[in-house]
Amino acid sequence: MRTLLFLVLLFALPFAASSESRPAPPPTGEEEGKILALEKAWNQAEQSKDAHALDQILDATLVYVDYDGSLMNKSEFLASVQAPSLHTEQIINEGMSAQVYGNAAVVNGTYRDKGTENGKPYFRRGRFTDTWIKRNGAWTCVASQSTLISRK
């Protein structure tokens, strides 16, 4: 009986742990903490249209897939952030988790983004996945993808 209970718990725990309302676990190591700090710095730089700071965070080979499916390279993404018609008030990441695999890492989380674009207010909520690599001791983002979460 104990064996059966153990097996049931063993198979049920991964499903219980995947609950959407569960808060993200805290970083488990120094590298994860560095990458999550870079994610926050990215939001601050994007919000303040700081292309120089973003240039340091994003790799030259960046592939950026926006919430609407548009594909941008690094220079296109930087230009979109600096567009005069875009006024970002707030970008907040929630529930972020980072998994490090040697010199590569993947960050998943959700975000809330609000501001005005072309004079019209917007509010977006979505999920994102960012892929980071470590070169010469520094982490840079090489790929980013976001998907809107529909309002129910």
# chains A, B, ... in the order shown; residues from 1 in each chain; ligands from 1
>>> select_by_dssp(residues="chain A", states="strand (DSSP E or B)", output="PyMOL selection string")
chain A and resi 58-65+71-72+86-101+104-117+120-135+138-148
>>> residues_around(residues="A:Asn108", least_positions_apart="6", cutoff="9 Å", atoms="only C-alpha atoms", output="count of residues only")
9
>>> select_by_dssp(residues="stretch 4-144 of chain A", states="helix (DSSP H, G or I)", output="number ranges by chain")
A: 4-17, 30-47, 51-57, 74-81
>>> closest_atom_pairs(of="stretch 64-102 of chain A", to="stretch 56-59 of chain A", cutoff="10 Å", atoms="only C-alpha atoms", output="tab-separated table")
residue	atom	partner	partner_atom	distance
A:Asn73	CA	A:Asp59	CA	9.8
A:Lys74	CA	A:Leu58	CA	7.2
A:Phe77	CA	A:Leu58	CA	9.9
A:Leu78	CA	A:Leu58	CA	9.6
>>> write_last_selection(atoms="C-alpha atoms", output="PDB file, in the first residue's frame")
ATOM      1  CA  ASN A  73      16.647  41.759 -35.145  1.00  0.00           C
ATOM      2  CA  LYS A  74      18.520  43.824 -32.576  1.00  0.00           C
ATOM      3  CA  PHE A  77      14.012  46.118 -31.788  1.00  0.00           C
ATOM      4  CA  LEU A  78      16.046  49.089 -30.545  1.00  0.00           C
TER       5      LEU A  78
END
>>> atom_distance(atom1="atom CA of A:Gln90", atom2="atom CA of A:Asp113")
5.7 Å
>>> atom_distance(atom1="atom CA of A:Glu32", atom2="atom CA of A:Gly69")
27.8 Å
>>> residues_around(residues="A:Ala79", least_positions_apart="5", cutoff="10 Å", atoms="only C-alpha atoms", output="list in words")
Lys49, Ala51, Met72, Lys74 and Pro84 of chain A
>>> residues_around(residues="A:Ile35", least_positions_apart="2", cutoff="10 Å", atoms="only C-alpha atoms", output="ChimeraX atom specification")
/A:27,30-33,37-41,97-100,105-107,132-133,138-141
>>> write_last_selection(atoms="N, CA and C atoms", output="PDB file, in the first residue's frame")
ATOM      1  N   PRO A  27      15.586  32.483  -6.990  1.00  0.00           N
ATOM      2  CA  PRO A  27      16.758  31.996  -7.694  1.00  0.00           C
ATOM      3  C   PRO A  27      17.534  31.019  -6.824  1.00  0.00           C
ATOM      4  N   GLU A  30      23.825  31.905  -8.028  1.00  0.00           N
ATOM      5  CA  GLU A  30      24.337  33.230  -8.378  1.00  0.00           C
ATOM      6  C   GLU A  30      24.050  33.589  -9.832  1.00  0.00           C
ATOM      7  N   GLU A  31      24.235  32.645 -10.748  1.00  0.00           N
ATOM      8  CA  GLU A  31      24.015  32.936 -12.164  1.00  0.00           C
ATOM      9  C   GLU A  31      22.543  33.235 -12.451  1.00  0.00           C
ATOM     10  N   GLU A  32      21.647  32.468 -11.849  1.00  0.00           N
ATOM     11  CA  GLU A  32      20.219  32.720 -12.022  1.00  0.00           C
ATOM     12  C   GLU A  32      19.864  34.120 -11.538  1.00  0.00           C
ATOM     13  N   GLY A  33      20.421  34.512 -10.400  1.00  0.00           N
ATOM     14  CA  GLY A  33      20.177  35.846  -9.856  1.00  0.00           C
ATOM     15  C   GLY A  33      20.672  36.946 -10.779  1.00  0.00           C
ATOM     16  N   ALA A  37      18.273  39.701 -12.661  1.00  0.00           N
ATOM     17  CA  ALA A  37      18.566  41.140 -12.518  1.00  0.00           C
ATOM     18  C   ALA A  37      18.674  41.798 -13.892  1.00  0.00           C
ATOM     19  N   LEU A  38      19.249  41.095 -14.860  1.00  0.00           N
ATOM     20  CA  LEU A  38      19.326  41.632 -16.224  1.00  0.00           C
ATOM     21  C   LEU A  38      17.939  41.771 -16.844  1.00  0.00           C
ATOM     22  N   GLU A  39      17.043  40.848 -16.542  1.00  0.00           N
ATOM     23  CA  GLU A  39      15.661  40.955 -17.030  1.00  0.00           C
ATOM     24  C   GLU A  39      15.006  42.241 -16.496  1.00  0.00           C
ATOM     25  N   LYS A  40      15.223  42.525 -15.224  1.00  0.00           N
ATOM     26  CA  LYS A  40      14.660  43.746 -14.628  1.00  0.00           C
ATOM     27  C   LYS A  40      15.306  44.994 -15.239  1.00  0.00           C
ATOM     28  N   ALA A  41      16.610  44.940 -15.464  1.00  0.00           N
ATOM     29  CA  ALA A  41      17.310  46.075 -16.086  1.00  0.00           C
ATOM     30  C   ALA A  41      16.794  46.304 -17.504  1.00  0.00           C
ATOM     31  N   SER A  97      11.357  32.622 -13.719  1.00  0.00           N
ATOM     32  CA  SER A  97      12.273  31.576 -13.275  1.00  0.00           C
ATOM     33  C   SER A  97      13.363  31.450 -14.331  1.00  0.00           C
ATOM     34  N   ALA A  98      14.564  31.192 -13.859  1.00  0.00           N
ATOM     35  CA  ALA A  98      15.713  31.042 -14.752  1.00  0.00           C
ATOM     36  C   ALA A  98      16.299  29.650 -14.562  1.00  0.00           C
ATOM     37  N   GLN A  99      16.586  29.007 -15.664  1.00  0.00           N
ATOM     38  CA  GLN A  99      17.255  27.703 -15.657  1.00  0.00           C
ATOM     39  C   GLN A  99      18.559  27.857 -16.413  1.00  0.00           C
ATOM     40  N   VAL A 100      19.669  27.575 -15.745  1.00  0.00           N
ATOM     41  CA  VAL A 100      20.986  27.719 -16.353  1.00  0.00           C
ATOM     42  C   VAL A 100      21.486  26.349 -16.786  1.00  0.00           C
ATOM     43  N   ALA A 105      21.077  29.890 -20.780  1.00  0.00           N
ATOM     44  CA  ALA A 105      20.020  29.959 -19.771  1.00  0.00           C
ATOM     45  C   ALA A 105      18.707  30.312 -20.444  1.00  0.00           C
ATOM     46  N   VAL A 106      17.619  29.849 -19.839  1.00  0.00           N
ATOM     47  CA  VAL A 106      16.279  30.143 -20.328  1.00  0.00           C
ATOM     48  C   VAL A 106      15.485  30.764 -19.181  1.00  0.00           C
ATOM     49  N   VAL A 107      14.838  31.891 -19.474  1.00  0.00           N
ATOM     50  CA  VAL A 107      13.990  32.566 -18.490  1.00  0.00           C
ATOM     51  C   VAL A 107      12.557  32.528 -18.995  1.00  0.00           C
ATOM     52  N   TRP A 132      19.397  33.217 -23.009  1.00  0.00           N
ATOM     53  CA  TRP A 132      20.619  33.962 -22.717  1.00  0.00           C
ATOM     54  C   TRP A 132      21.832  33.071 -22.949  1.00  0.00           C
ATOM     55  N   ILE A 133      22.943  33.692 -23.338  1.00  0.00           N
ATOM     56  CA  ILE A 133      24.217  32.985 -23.420  1.00  0.00           C
ATOM     57  C   ILE A 133      25.272  33.795 -22.673  1.00  0.00           C
ATOM     58  N   ALA A 138      30.083  37.466 -19.590  1.00  0.00           N
ATOM     59  CA  ALA A 138      28.897  38.335 -19.523  1.00  0.00           C
ATOM     60  C   ALA A 138      27.695  37.647 -20.181  1.00  0.00           C
ATOM     61  N   TRP A 139      26.533  37.801 -19.560  1.00  0.00           N
ATOM     62  CA  TRP A 139      25.292  37.251 -20.103  1.00  0.00           C
ATOM     63  C   TRP A 139      24.657  38.248 -21.074  1.00  0.00           C
ATOM     64  N   THR A 140      24.232  37.766 -22.240  1.00  0.00           N
ATOM     65  CA  THR A 140      23.458  38.591 -23.177  1.00  0.00           C
ATOM     66  C   THR A 140      22.293  37.758 -23.693  1.00  0.00           C
ATOM     67  N   CYS A 141      21.208  38.443 -24.010  1.00  0.00           N
ATOM     68  CA  CYS A 141      20.020  37.766 -24.516  1.00  0.00           C
ATOM     69  C   CYS A 141      20.144  37.585 -26.031  1.00  0.00           C
TER      70      CYS A 141
END
>>> closest_residue(among="A:Asn118, A:Gln47, A:Thr131, A:Asn136", to="A:Val81", atoms="only C-alpha atoms")
A:Gln47
>>> atom_distance(atom1="atom CA of A:Val63", atom2="atom CA of A:Arg135")
17.1 Å
>>> residues_around(residues="A:Ser150", least_positions_apart="4", cutoff="12 Å", atoms="only C-alpha atoms", output="PDB file with N, CA and C atoms, in the first residue's frame")
ATOM      1  N   TYR A  67       4.771  40.072 -29.376  1.00  0.00           N
ATOM      2  CA  TYR A  67       3.468  39.490 -29.040  1.00  0.00           C
ATOM      3  C   TYR A  67       2.548  39.348 -30.253  1.00  0.00           C
ATOM      4  N   PHE A 123      -2.803  48.175 -22.733  1.00  0.00           N
ATOM      5  CA  PHE A 123      -2.440  47.328 -21.591  1.00  0.00           C
ATOM      6  C   PHE A 123      -2.293  45.918 -22.132  1.00  0.00           C
ATOM      7  N   ARG A 124      -1.142  45.332 -21.901  1.00  0.00           N
ATOM      8  CA  ARG A 124      -0.896  43.973 -22.377  1.00  0.00           C
ATOM      9  C   ARG A 124      -0.434  43.111 -21.214  1.00  0.00           C
ATOM     10  N   ARG A 125      -0.855  41.866 -21.272  1.00  0.00           N
ATOM     11  CA  ARG A 125      -0.403  40.865 -20.314  1.00  0.00           C
ATOM     12  C   ARG A 125      -0.022  39.650 -21.136  1.00  0.00           C
ATOM     13  N   GLY A 126       1.159  39.120 -20.884  1.00  0.00           N
ATOM     14  CA  GLY A 126       1.602  37.994 -21.684  1.00  0.00           C
ATOM     15  C   GLY A 126       2.631  37.137 -20.980  1.00  0.00           C
ATOM     16  N   ARG A 127       3.041  36.111 -21.682  1.00  0.00           N
ATOM     17  CA  ARG A 127       4.112  35.220 -21.235  1.00  0.00           C
ATOM     18  C   ARG A 127       5.315  35.457 -22.131  1.00  0.00           C
TER      19      ARG A 127
END
>>> closest_residue(among="A:Thr116, A:Thr61, A:Thr110, A:Ser75", to="A:Glu94", atoms="only C-alpha atoms")
A:Thr110
